[in-house]
Amino acid sequence: MDFSLTPEQIAAQKMVHDFVMKEVYPTIGEWDRKQQMNPDILPRMAELGILGINIPVKYGGQGFDYITLGLVCEELERVDTTLRVIMSVHAGLNSLSLLQWGTEEQKQRFLVPQAQGEKYAGFGLTEPGVGSDVANMRATAKKQGDVYILNGEKMWISLATKAHHFLVIAKTDPEARPASKGMTAFIVTSDMKGVTTGDIHGKLGVRAGSTGWVNMENVEVPVSHRLGEEGEGFYIAMGALDNGRYTVGAGAVGLIRACLEESIKYSKERQTFGVPIADHQLIKQKIAYMQQWYDAAKLLVLKAGWMKNQGIRNTRETSMAKWYATDMSVKAALEAVQLHGAYGFSDEYPVERYLRNSKGAVIYEGTSEIHQLMQADFALGYRENKPLRCELPAYDPDTWLEEPQTA
Amino acid sequence: MHVVVVTKSTPDTAAKVTVDGSGNVTWKEAMVINPWDEYSVTEAVLLKEAHNIKTTVLTVGEEAHNEAVKQGLAIGCDQGIRVWDSTLANADSLQYSRAVAAAVQKLGDVDLVIFGKEQADTGTDQHVYQVGRKLGWNVIGSVFKIQEIDFAGKTIKVVRLVEQGKQVVAGKLPAVISVVKDINEPKYPSFMGIRKASKAEIPVWDGAALGVDFGLPGVKVSAYQNPPERAGKVQMIDGDSADEKARKLVEKLFEDKVL
Amino acid sequence: MTSVFVWLEHFDGVLVQPSREALGAAGTLGGKITGLVFGKNVDAVVKAAFHAGADEIIKVDDETLETFRFEPYVALLTKIVKDNTPDIVLAGHTTRGREIMGGAAADLDKGLLADCTELSLEGGRLKAVHPVYSGKVLSTIEIVSDGTQFATLRGRAFTPNEPDASRSGNVISASPVLAESDIASKVESFEASVGKVSLSDAAIIVSGGRGVGGPEGFAPIRELAEVLGAAVGASRATVDAGWIPYEHQVGQTGKVVSPDLYIAAGISGAIQHQAGMRTSKTIVAINKDADAPIFGLATYGIVGDLFELLPALTKVFKEKLGK
């Protein structure tokens with residue numbers, strides 16, 4: 001067993017840390033208040049290679065491993081959840097699904113520009129009336145010759161108005177039983193006729209991000225845009241969630257760290273009864289718990305990342321990491337606000353933003369309740385991972401660093 | 001055509017640096033690249049991108065200074081070199097300058113040596129001018145902008161900061177310059193650069209390899225001490241209005257004869 | 001008798017403050033003080049140097065020395081020191097002072113005590129205090145080489161003499177070392193900075209931080225500075241945001257200052273900023289946030305809105321100072 005990170009992983013994490021602390025941290029509070037995404041963020045993340053951090057070099061990425069993806073998400077969410085959300089949808093849910101299921105032609109056409117950051121990517125599974133009960137989705141795809149006609153609305157879509165590519169799940173066979181067998185995955189591009197998008201305002205958290213809806217009205221999607229086979233959509237979506245949840249869990253570790261770091265700083269500065277509040281036992285208790293949650297959550301995330309590197313199926317471990325880390329991030333944020341007292345209640349300090357941001361992640365990518373059911377079912381033997389036609393490839397430095405073939 | 005950027009590792013700005021009971025300077029935090037060198041390294045890489053020149057990142061010191069060299073490589077410099085042998089322990093700026101000059105001479109084809117304005121740990125910059133003299137090259141300090149540089153024609157024109165304003169100075173290459181903040185937006189390491197840097201072997205050149213004796217120092221540090229605590233705690237000025245607070249403060253300042 | 005040479009910097013025909021301070025410091029070492037004045041048409045400077053404490057002057061008046069340039073200035077100082085072998089050479093730790101002194105000390109392989117905040121002579125050897133690690137630690141440094149000893153003095157760390165118009169002395173004229181054709185550089189143009197008072201020389205500095213909210217937020221800072229004859233400083237955050245030019249930055253990658261009075265408005269007091277101003281004699285902090293670290297360093301603190309407090313202060317100072 002080796003708990004150490006490589007110098008490369010550490011340096012990559014530090015680079016992202018330096019970027020967000022310098023370019024995002026100073027002004028993120030203002031963007032959050034304005035409920036706008038800082039327009040520089042996505043282009044900068046693209047330019048710096050963050051969007052393609054763990055995609056193989058030959059597909060336009062930076063060739064780092066899954067653990068580095070987690071470390072990067074931790075650093076991004078240390079500063080603001082909206083940055084990690086970008087990674088969850090662009091990299092976790094979309095790009096890694098292309099890497100897992102895409103044909104070579106699809107990888108060249110869609111994954112390469114995504115990894116290079118020329119195109120942004122989103123993921124469309126949730127609908128206005130369908131969340132955890134995916135099987136009840138209404139979106140349909142009817143095959144007509146060499147195109148599918150897509151209809152339906154996807155809701156709570158991160159980067160809805162920013163993304164160029166969406167990985168959309170729709171029913172090709174609405175009569176199939178179980179319903180999951182009738183779903184298929186498609187790569188829908190925002191410039192296709194009949195695709196309209198919009199942002200949702202008035203969210204509790206992630207207010208400096210873009211969350212919205214994607215509406216599809218008789219959108220003609222060529223067969224070449226179908227990811228996987230007909231009927232594989234549900235498995236592709238679940239595989240995508242194994243990766244999306246990993247980034248959410250890793251990000252939540254960063255959010256816990258944000259609460260911890262701000263709390264340590266404040267508790268040393270702020271004095272009551274003639275001493276820094278850090279000297280009061282009940283403050284120490286809060287700090288101790290935050291540290292405990294951070295350590296435990298991080299270990300769970302690293303374990304999931306290690307399994308991905310090894311090519312071991314990690315649905316249960318990723319679910320556990322996501323469930324625990326996000327639940328604890330809410331608790332850490334509550335404690336951080338409490339520790340900051342009245343200041344914590346105001347936007348002069350960032351902890352109120354952390355609290356608002358923490359709440360989304362216990363709802364999306366599987367509510368905490370869904371994860372509890374999954375964990376129980378795994379433990380009870382009611383659920384097991386069945387092999388997939390395409391597994392997420394293990395991290396192999398030689399393959400990941402192979403140079404692209406020049407035509 | 002070759003640009004050398006000289007750097008070193010210094011304690012992180014946020015590091016708690018103190019003097020311990022034995023009179024040694026200590027801190028727990030990691031070493032980072034000298035903050036001023038973020039600009040010099042970036043400038044070297046920008047020159048490389050614009051003029052297709054070779055870049056070397058050079059340090060003089062113990063192994064800890066490889067951190068700064070690796071940062072330089074990760075940001076985009078082509079090669080790293082560390083100059084070190086035991087005769088350089090506690091080197092002063094004269095010995096340091098002899099070492100840098102010898103390494104630059106060994107590289108042979110260097111047109112420009114770039115320093116960050118100061119070393120944040122020693123808080124000094126005389127080594128910049130001393131390297132210039134040891135090489136017999138002109139030095140232009142506190143450069144705010146390189147306006148023109150012509151490696152083939154061996155000329156350079158810069159804007160530099162002096163206390164009273166900005167000067168445009170034209171000179172010849174080879175030369176030594178030091179750069180200030182704002183000459184550029186410091187680059188972060190690239191992910192590709194990080195991988196390259198972590199695999200890079202950084203050769204160590206000692207006095208024998210350079211064929212020089214680093215000579216005697218001119219200065220020694222005889223002691224370190226913690227600075228005196230600022231006398232007294234802050235006195236908070238209260239009042240019902242901004243006007244009242246302002247009046248109270250001004251009275252205090254006059255009482256203290258600050259004004 | 002100890003002989004102390006002081007390289008005297010001047011600009012626009014005026015002897016700069018750090019050079020006056022260096023003459024003051026030279027006086028505390030005992031011995032004869034020789035001022036070195038290089039330039040073109042420098043008689044006014046020579047006169048001022050006598051008034052400020054020089055016993056004699058070596059003057060080099062030449063076209064090639066009209067503006068400071070590294071090569072001719074260093075070569076000249078090296079030659080004069082070599083010919084006269086003074087015990088000590090002092091200069092202000094200014095941009096030009098650092099360059100000429102570092103260069104000449106290298107030419108002669110002599111020790112240079114740079115950026116001294118205290119200076120003493122013990123058994124013929126110079127010893128100094130020099131802040132290191134961004135002022136977190138003080139070092140005591142000593143010259144170990146034989147012969148002439150060099151030192152540059154931090155601005156405002158040494159007291160200048162009261163100008164004495166009755167003083168004068170012997171002026172020795174010398175010649176430059178380099179001809180124009182030997183000099184590789186040219187100063188093509190100069191643009192004076194906008195601020196009237198230079199940060200390094202200022203007795204009072206009014207600084208703004210992120211709390212000023214934007215470029216226009218520096219207006220009340222400038223108004224107060226105007227009334228006090230103060231320089232305008234700024235935190236790194238405001239410079240990085242493009243609200244004010246870099247020349248105003250106080251702190252680790254900006255200027256290190258130690259005025260008599262430092263008024264920090266809307267500055268939280270990050271460690272980088274403290275590195276540049278912690279040695280100020282009196283520090284006034286104005287901040288909305290009662291827990292801002294700047295209050296830990298301040299002599300006086302006011303919790304409140306700088307946009308109310310600064311105009312109020314400007315008004316009260318105007319009354320008090322009769323402006």
# chains A, B, ... in the order shown; residues from 1 in each chain; ligands from 1
$ closest_atom_pairs --of "chain B" --to "chain C" --cutoff "7 Å" --atoms "only C-alpha atoms" --output "Markdown table"
| residue | atom | partner | partner_atom | distance |
| --- | --- | --- | --- | --- |
| B:Thr13 | CA | C:Gln272 | CA | 6.7 |
| B:Ala14 | CA | C:Ile271 | CA | 6.3 |
| B:Val17 | CA | C:Lys136 | CA | 6.2 |
| B:Thr18 | CA | C:Val137 | CA | 6.4 |
| B:Trp36 | CA | C:Thr253 | CA | 6.6 |
| B:Leu94 | CA | C:Ala106 | CA | 6.4 |
| B:Ala120 | CA | C:Tyr133 | CA | 6.1 |
| B:Asp121 | CA | C:Tyr133 | CA | 4.3 |
| B:Thr122 | CA | C:Val132 | CA | 5.0 |
| B:Gly123 | CA | C:Val132 | CA | 5.3 |
| B:Thr124 | CA | C:Ala114 | CA | 6.8 |
| B:Gln126 | CA | C:Gly102 | CA | 4.8 |
| B:Tyr129 | CA | C:Gly103 | CA | 5.2 |
| B:Gln130 | CA | C:Ala106 | CA | 5.1 |
| B:Arg133 | CA | C:Gly103 | CA | 6.0 |
| B:Asn138 | CA | C:Glu71 | CA | 6.3 |
| B:Val139 | CA | C:Phe70 | CA | 6.4 |
| B:Val162 | CA | C:Thr95 | CA | 6.0 |
| B:Glu163 | CA | C:Ser198 | CA | 6.7 |
| B:Gln164 | CA | C:Ala192 | CA | 5.8 |
| B:Gly165 | CA | C:Ala192 | CA | 4.2 |
| B:Lys166 | CA | C:Glu191 | CA | 5.2 |
| B:Gln167 | CA | C:Phe190 | CA | 4.4 |
| B:Val168 | CA | C:Ser189 | CA | 5.2 |
| B:Val169 | CA | C:Val187 | CA | 4.4 |
| B:Ala170 | CA | C:Lys186 | CA | 5.2 |
| B:Gly171 | CA | C:Ser185 | CA | 4.0 |
| B:Lys172 | CA | C:Ala184 | CA | 5.7 |
| B:Lys181 | CA | C:Thr253 | CA | 6.4 |
| B:Asp182 | CA | C:Tyr246 | CA | 6.9 |
| B:Pro217 | CA | C:Ser145 | CA | 6.9 |
| B:Gly218 | CA | C:Gly111 | CA | 3.5 |
| B:Val219 | CA | C:Ile143 | CA | 4.5 |
| B:Lys220 | CA | C:Glu142 | CA | 5.5 |
| B:Val221 | CA | C:Ile141 | CA | 4.4 |
| B:Ser222 | CA | C:Thr140 | CA | 5.6 |
| B:Ala223 | CA | C:Thr140 | CA | 5.1 |
| B:Tyr224 | CA | C:Ser139 | CA | 4.4 |
| B:Gln225 | CA | C:Leu138 | CA | 5.2 |
| B:Asn226 | CA | C:Val137 | CA | 5.0 |
| B:Pro227 | CA | C:Val137 | CA | 5.8 |
| B:Lys233 | CA | C:Thr299 | CA | 6.9 |
| B:Val234 | CA | C:Thr299 | CA | 4.8 |
| B:Gln235 | CA | C:Tyr300 | CA | 4.8 |
| B:Met236 | CA | C:Gly301 | CA | 4.6 |
| B:Ile237 | CA | C:Ile302 | CA | 5.3 |
| B:Asp238 | CA | C:Ile302 | CA | 6.9 |
| B:Ala242 | CA | C:Leu309 | CA | 5.2 |
| B:Asp243 | CA | C:Ala312 | CA | 5.3 |
| B:Ala246 | CA | C:Leu313 | CA | 5.0 |
| B:Arg247 | CA | C:Val316 | CA | 6.3 |
| B:Val258 | CA | C:Asp260 | CA | 6.7 |
$ write_last_selection --atoms "C-alpha atoms" --output "compact mmCIF listing (two decimals), in the first residue's frame"
# COMPACT_ATOMS: atom_id res chain seq x y z
CA THR B 13 5.39 34.27 1.19
CA ALA B 14 2.93 33.09 3.82
CA VAL B 17 9.92 32.57 9.24
CA THR B 18 11.54 32.94 12.67
CA TRP B 36 10.13 37.99 -8.43
CA LEU B 94 30.39 38.16 -4.87
CA ALA B 120 12.92 37.65 -1.54
CA ASP B 121 14.87 35.79 1.15
CA THR B 122 18.02 37.90 1.31
CA GLY B 123 16.09 40.98 0.23
CA THR B 124 18.91 42.09 -2.02
CA GLN B 126 23.40 43.47 -5.87
CA TYR B 129 24.83 44.07 -11.16
CA GLN B 130 27.76 42.01 -9.96
CA ARG B 133 30.40 43.19 -14.13
CA ASN B 138 25.89 45.95 -19.56
CA VAL B 139 23.14 45.71 -16.94
CA VAL B 162 13.36 54.52 -11.61
CA GLU B 163 12.08 56.42 -8.59
CA GLN B 164 11.03 59.44 -10.62
CA GLY B 165 9.38 57.68 -13.55
CA LYS B 166 10.04 55.49 -16.56
CA GLN B 167 13.06 55.51 -18.85
CA VAL B 168 13.40 54.04 -22.30
CA VAL B 169 16.89 52.55 -22.52
CA ALA B 170 18.45 51.10 -25.65
CA GLY B 171 21.43 48.81 -25.35
CA LYS B 172 23.43 46.04 -26.92
CA LYS B 181 6.33 42.70 -11.52
CA ASP B 182 3.93 43.77 -14.27
CA PRO B 217 33.36 36.46 0.26
CA GLY B 218 33.12 40.17 0.95
CA VAL B 219 30.36 39.92 3.51
CA LYS B 220 29.25 37.48 6.16
CA VAL B 221 26.05 37.21 8.14
CA SER B 222 27.09 37.15 11.78
CA ALA B 223 23.65 36.81 13.38
CA TYR B 224 19.95 36.55 12.77
CA GLN B 225 17.34 37.84 15.14
CA ASN B 226 13.59 38.19 15.31
CA PRO B 227 12.49 41.79 14.81
CA LYS B 233 -1.71 46.91 20.86
CA VAL B 234 -3.90 48.72 18.41
CA GLN B 235 -5.93 51.52 19.92
CA MET B 236 -9.40 51.48 18.38
CA ILE B 237 -11.04 54.83 17.79
CA ASP B 238 -14.79 54.91 18.31
CA ALA B 242 -17.31 59.48 10.78
CA ASP B 243 -16.64 63.09 11.63
CA ALA B 246 -11.82 61.54 12.25
CA ARG B 247 -11.48 64.32 14.84
CA VAL B 258 3.32 62.29 14.14
$ select_by_dssp --residues "range 66-244 of chain B" --states "helix (DSSP H, G or I)" --output "number ranges by chain"
B: 66-75, 86-88, 93-107, 126-135, 191-199, 207-210, 242-244
$ write_last_selection --atoms "C-alpha atoms" --output "short mmCIF file (atom, residue, chain, number, x, y, z; two decimals), in the first residue's frame"
data_model
loop_
_atom_site.label_atom_id
_atom_site.label_comp_id
_atom_site.auth_asym_id
_atom_site.auth_seq_id
_atom_site.Cartn_x
_atom_site.Cartn_y
_atom_site.Cartn_z
CA ASN B 66 15.96 22.43 -7.77
CA GLU B 67 12.36 23.28 -6.87
CA ALA B 68 12.73 26.66 -8.57
CA VAL B 69 14.55 25.11 -11.53
CA LYS B 70 11.78 22.53 -11.97
CA GLN B 71 9.20 25.29 -11.82
CA GLY B 72 11.14 27.03 -14.59
CA LEU B 73 11.13 23.86 -16.66
CA ALA B 74 7.43 23.28 -15.99
CA ILE B 75 6.67 26.79 -17.18
CA SER B 86 30.69 23.06 -0.70
CA THR B 87 32.80 26.19 -1.17
CA LEU B 88 29.55 28.00 -1.96
CA SER B 93 26.83 38.03 -3.52
CA LEU B 94 30.39 38.16 -4.87
CA GLN B 95 30.84 34.39 -4.78
CA TYR B 96 27.32 33.91 -6.09
CA SER B 97 28.06 36.26 -8.99
CA ARG B 98 31.31 34.50 -9.86
CA ALA B 99 29.38 31.23 -9.97
CA VAL B 100 26.62 32.57 -12.21
CA ALA B 101 29.09 34.29 -14.51
CA ALA B 102 31.17 31.12 -14.84
CA ALA B 103 28.10 29.05 -15.70
CA VAL B 104 26.93 31.59 -18.28
CA GLN B 105 30.39 31.56 -19.82
CA LYS B 106 30.41 27.78 -19.91
CA LEU B 107 27.09 27.79 -21.76
CA GLN B 126 23.40 43.47 -5.87
CA HIS B 127 24.13 40.04 -7.39
CA VAL B 128 22.38 41.22 -10.58
CA TYR B 129 24.83 44.07 -11.16
CA GLN B 130 27.76 42.01 -9.96
CA VAL B 131 27.03 39.24 -12.47
CA GLY B 132 27.00 41.91 -15.19
CA ARG B 133 30.40 43.19 -14.13
CA LYS B 134 31.87 39.70 -13.82
CA LEU B 135 30.72 38.99 -17.37
CA PHE B 191 0.63 20.05 -17.45
CA MET B 192 3.01 18.88 -20.15
CA GLY B 193 5.74 20.99 -18.55
CA ILE B 194 5.05 19.46 -15.15
CA ARG B 195 5.59 16.02 -16.60
CA LYS B 196 8.77 17.09 -18.35
CA ALA B 197 10.11 18.77 -15.22
CA SER B 198 9.42 15.79 -12.99
CA LYS B 199 11.44 13.57 -15.29
CA GLY B 207 33.85 24.68 -9.36
CA ALA B 208 35.92 21.98 -11.02
CA ALA B 209 33.40 21.52 -13.84
CA LEU B 210 33.37 25.27 -14.36
CA ALA B 242 -17.31 59.48 10.78
CA ASP B 243 -16.64 63.09 11.63
CA GLU B 244 -16.17 62.37 15.32
#
$ atom_distance --atom1 "CA of Ile67 in chain A" --atom2 "CA of Val188 in chain A"
29.2 Å
$ closest_atom_pairs --of "chain C" --to "chain A" --cutoff "9 Å" --atoms "only C-alpha atoms" --output "Markdown table"
| residue | atom | partner | partner_atom | distance |
| --- | --- | --- | --- | --- |
| C:Ala237 | CA | A:Pro26 | CA | 8.2 |
| C:Asp289 | CA | A:Glu348 | CA | 8.3 |
| C:Ala290 | CA | A:Arg270 | CA | 8.8 |
| C:Asp291 | CA | A:Arg270 | CA | 5.9 |
| C:Ala292 | CA | A:Glu269 | CA | 7.8 |
| C:Pro293 | CA | A:Glu269 | CA | 7.1 |
| C:Gly296 | CA | A:Glu269 | CA | 8.9 |
$ closest_atom_pairs --of "chain A" --to "chain B" --cutoff "9 Å" --atoms "only C-alpha atoms" --output "Markdown table"
| residue | atom | partner | partner_atom | distance |
| --- | --- | --- | --- | --- |
| A:Pro7 | CA | B:Ser198 | CA | 6.6 |
| A:Glu8 | CA | B:Arg195 | CA | 6.0 |
| A:Gln9 | CA | B:Ile194 | CA | 9.0 |
| A:Ala11 | CA | B:Ile194 | CA | 6.5 |
| A:Ala12 | CA | B:Phe191 | CA | 6.4 |
| A:Met15 | CA | B:Tyr188 | CA | 6.3 |
| A:Val16 | CA | B:Tyr188 | CA | 8.6 |
| A:Asp18 | CA | B:Tyr188 | CA | 7.8 |
| A:Phe19 | CA | B:Tyr188 | CA | 7.4 |
| A:Leu48 | CA | B:Ser190 | CA | 6.7 |
| A:Gly49 | CA | B:Phe191 | CA | 7.1 |
| A:Ile50 | CA | B:Phe191 | CA | 8.5 |
| A:Ile53 | CA | B:Phe191 | CA | 7.9 |
| A:Gln62 | CA | B:Phe191 | CA | 6.3 |
| A:Gly63 | CA | B:Met192 | CA | 8.4 |
| A:Phe64 | CA | B:Phe191 | CA | 8.3 |
$ write_last_selection --atoms "C-alpha atoms" --output "CSV table (one decimal), in the first residue's frame"
chain,number,residue,atom,x,y,z
A,7,PRO,CA,5.5,14.7,-7.8
A,8,GLU,CA,3.5,15.2,-11.0
A,9,GLN,CA,0.2,14.8,-9.2
A,11,ALA,CA,2.6,19.8,-9.1
A,12,ALA,CA,-0.6,19.6,-11.2
A,15,MET,CA,-0.8,24.6,-10.5
A,16,VAL,CA,-4.6,24.5,-10.4
A,18,ASP,CA,-2.4,28.8,-7.9
A,19,PHE,CA,-4.7,29.5,-10.8
A,48,LEU,CA,-4.6,25.8,-19.2
A,49,GLY,CA,-5.6,22.3,-20.2
A,50,ILE,CA,-7.7,21.7,-17.1
A,53,ILE,CA,-6.6,16.9,-17.6
A,62,GLN,CA,-3.1,16.2,-20.8
A,63,GLY,CA,-2.5,12.5,-20.1
A,64,PHE,CA,-2.8,12.6,-16.3
$ select_by_dssp --residues "range 33-123 of chain C" --states "strand (DSSP E)" --output "number ranges by chain"
C: 33-39, 56-61, 88-92, 112-116, 118-122
$ write_last_selection --atoms "C-alpha atoms" --output "short mmCIF file (atom, residue, chain, number, x, y, z; two decimals), in the first residue's frame"
data_model
loop_
_atom_site.label_atom_id
_atom_site.label_comp_id
_atom_site.auth_asym_id
_atom_site.auth_seq_id
_atom_site.Cartn_x
_atom_site.Cartn_y
_atom_site.Cartn_z
CA ILE C 33 33.29 62.95 4.10
CA THR C 34 33.91 63.16 0.39
CA GLY C 35 30.88 63.54 -1.83
CA LEU C 36 31.00 62.12 -5.35
CA VAL C 37 28.92 64.07 -7.83
CA PHE C 38 28.72 62.71 -11.39
CA GLY C 39 26.67 64.41 -14.06
CA GLU C 56 34.89 67.92 -0.01
CA ILE C 57 33.53 66.95 -3.38
CA ILE C 58 34.93 65.00 -6.27
CA LYS C 59 33.04 66.28 -9.25
CA VAL C 60 32.95 64.68 -12.67
CA ASP C 61 31.07 66.95 -15.04
CA ILE C 88 34.11 53.40 3.24
CA VAL C 89 31.77 54.17 0.34
CA LEU C 90 28.11 54.88 1.08
CA ALA C 91 25.07 55.52 -1.07
CA GLY C 92 21.31 55.48 -0.73
CA LEU C 112 28.91 45.45 0.07
CA LEU C 113 26.42 45.73 2.93
CA ALA C 114 23.18 46.32 1.08
CA ASP C 115 19.96 47.90 2.28
CA CYS C 116 21.17 48.70 5.79
CA GLU C 118 21.47 50.44 11.01
CA LEU C 119 25.18 50.95 10.45
CA SER C 120 28.16 51.00 12.79
CA LEU C 121 31.92 50.92 12.59
CA GLU C 122 33.65 48.50 14.97
#
$ decode --residues "range 78-117 of chain B" --atoms "C-alpha atoms" --output "PDB file, in the first residue's frame"
ATOM      1  CA  ASP B  78      14.349  24.060 -22.142  1.00  0.00           C
ATOM      2  CA  GLN B  79      16.973  22.955 -19.641  1.00  0.00           C
ATOM      3  CA  GLY B  80      17.961  23.372 -16.026  1.00  0.00           C
ATOM      4  CA  ILE B  81      21.377  23.644 -14.404  1.00  0.00           C
ATOM      5  CA  ARG B  82      22.384  23.855 -10.779  1.00  0.00           C
ATOM      6  CA  VAL B  83      25.758  25.219  -9.729  1.00  0.00           C
ATOM      7  CA  TRP B  84      26.933  23.948  -6.407  1.00  0.00           C
ATOM      8  CA  ASP B  85      29.867  22.804  -4.368  1.00  0.00           C
ATOM      9  CA  SER B  86      30.691  23.057  -0.704  1.00  0.00           C
ATOM     10  CA  THR B  87      32.804  26.190  -1.173  1.00  0.00           C
ATOM     11  CA  LEU B  88      29.554  27.997  -1.958  1.00  0.00           C
ATOM     12  CA  ALA B  89      28.018  27.302   1.465  1.00  0.00           C
ATOM     13  CA  ASN B  90      27.169  30.717   2.966  1.00  0.00           C
ATOM     14  CA  ALA B  91      28.214  32.366  -0.298  1.00  0.00           C
ATOM     15  CA  ASP B  92      27.872  36.125  -0.422  1.00  0.00           C
ATOM     16  CA  SER B  93      26.827  38.030  -3.518  1.00  0.00           C
ATOM     17  CA  LEU B  94      30.391  38.155  -4.870  1.00  0.00           C
ATOM     18  CA  GLN B  95      30.838  34.388  -4.783  1.00  0.00           C
ATOM     19  CA  TYR B  96      27.321  33.909  -6.094  1.00  0.00           C
ATOM     20  CA  SER B  97      28.060  36.261  -8.989  1.00  0.00           C
ATOM     21  CA  ARG B  98      31.305  34.500  -9.861  1.00  0.00           C
ATOM     22  CA  ALA B  99      29.385  31.229  -9.973  1.00  0.00           C
ATOM     23  CA  VAL B 100      26.616  32.574 -12.209  1.00  0.00           C
ATOM     24  CA  ALA B 101      29.089  34.287 -14.515  1.00  0.00           C
ATOM     25  CA  ALA B 102      31.172  31.122 -14.836  1.00  0.00           C
ATOM     26  CA  ALA B 103      28.097  29.049 -15.704  1.00  0.00           C
ATOM     27  CA  VAL B 104      26.934  31.588 -18.280  1.00  0.00           C
ATOM     28  CA  GLN B 105      30.392  31.558 -19.817  1.00  0.00           C
ATOM     29  CA  LYS B 106      30.414  27.776 -19.913  1.00  0.00           C
ATOM     30  CA  LEU B 107      27.091  27.795 -21.759  1.00  0.00           C
ATOM     31  CA  GLY B 108      28.902  29.966 -24.244  1.00  0.00           C
ATOM     32  CA  ASP B 109      26.241  31.280 -26.595  1.00  0.00           C
ATOM     33  CA  VAL B 110      24.206  33.367 -24.148  1.00  0.00           C
ATOM     34  CA  ASP B 111      22.721  36.680 -25.324  1.00  0.00           C
ATOM     35  CA  LEU B 112      20.683  37.672 -22.308  1.00  0.00           C
ATOM     36  CA  VAL B 113      20.640  36.861 -18.609  1.00  0.00           C
ATOM     37  CA  ILE B 114      17.386  37.664 -16.808  1.00  0.00           C
ATOM     38  CA  PHE B 115      16.943  38.036 -13.074  1.00  0.00           C
ATOM     39  CA  GLY B 116      13.880  38.791 -10.992  1.00  0.00           C
ATOM     40  CA  LYS B 117      14.306  42.186  -9.372  1.00  0.00           C
TER      41      LYS B 117
END
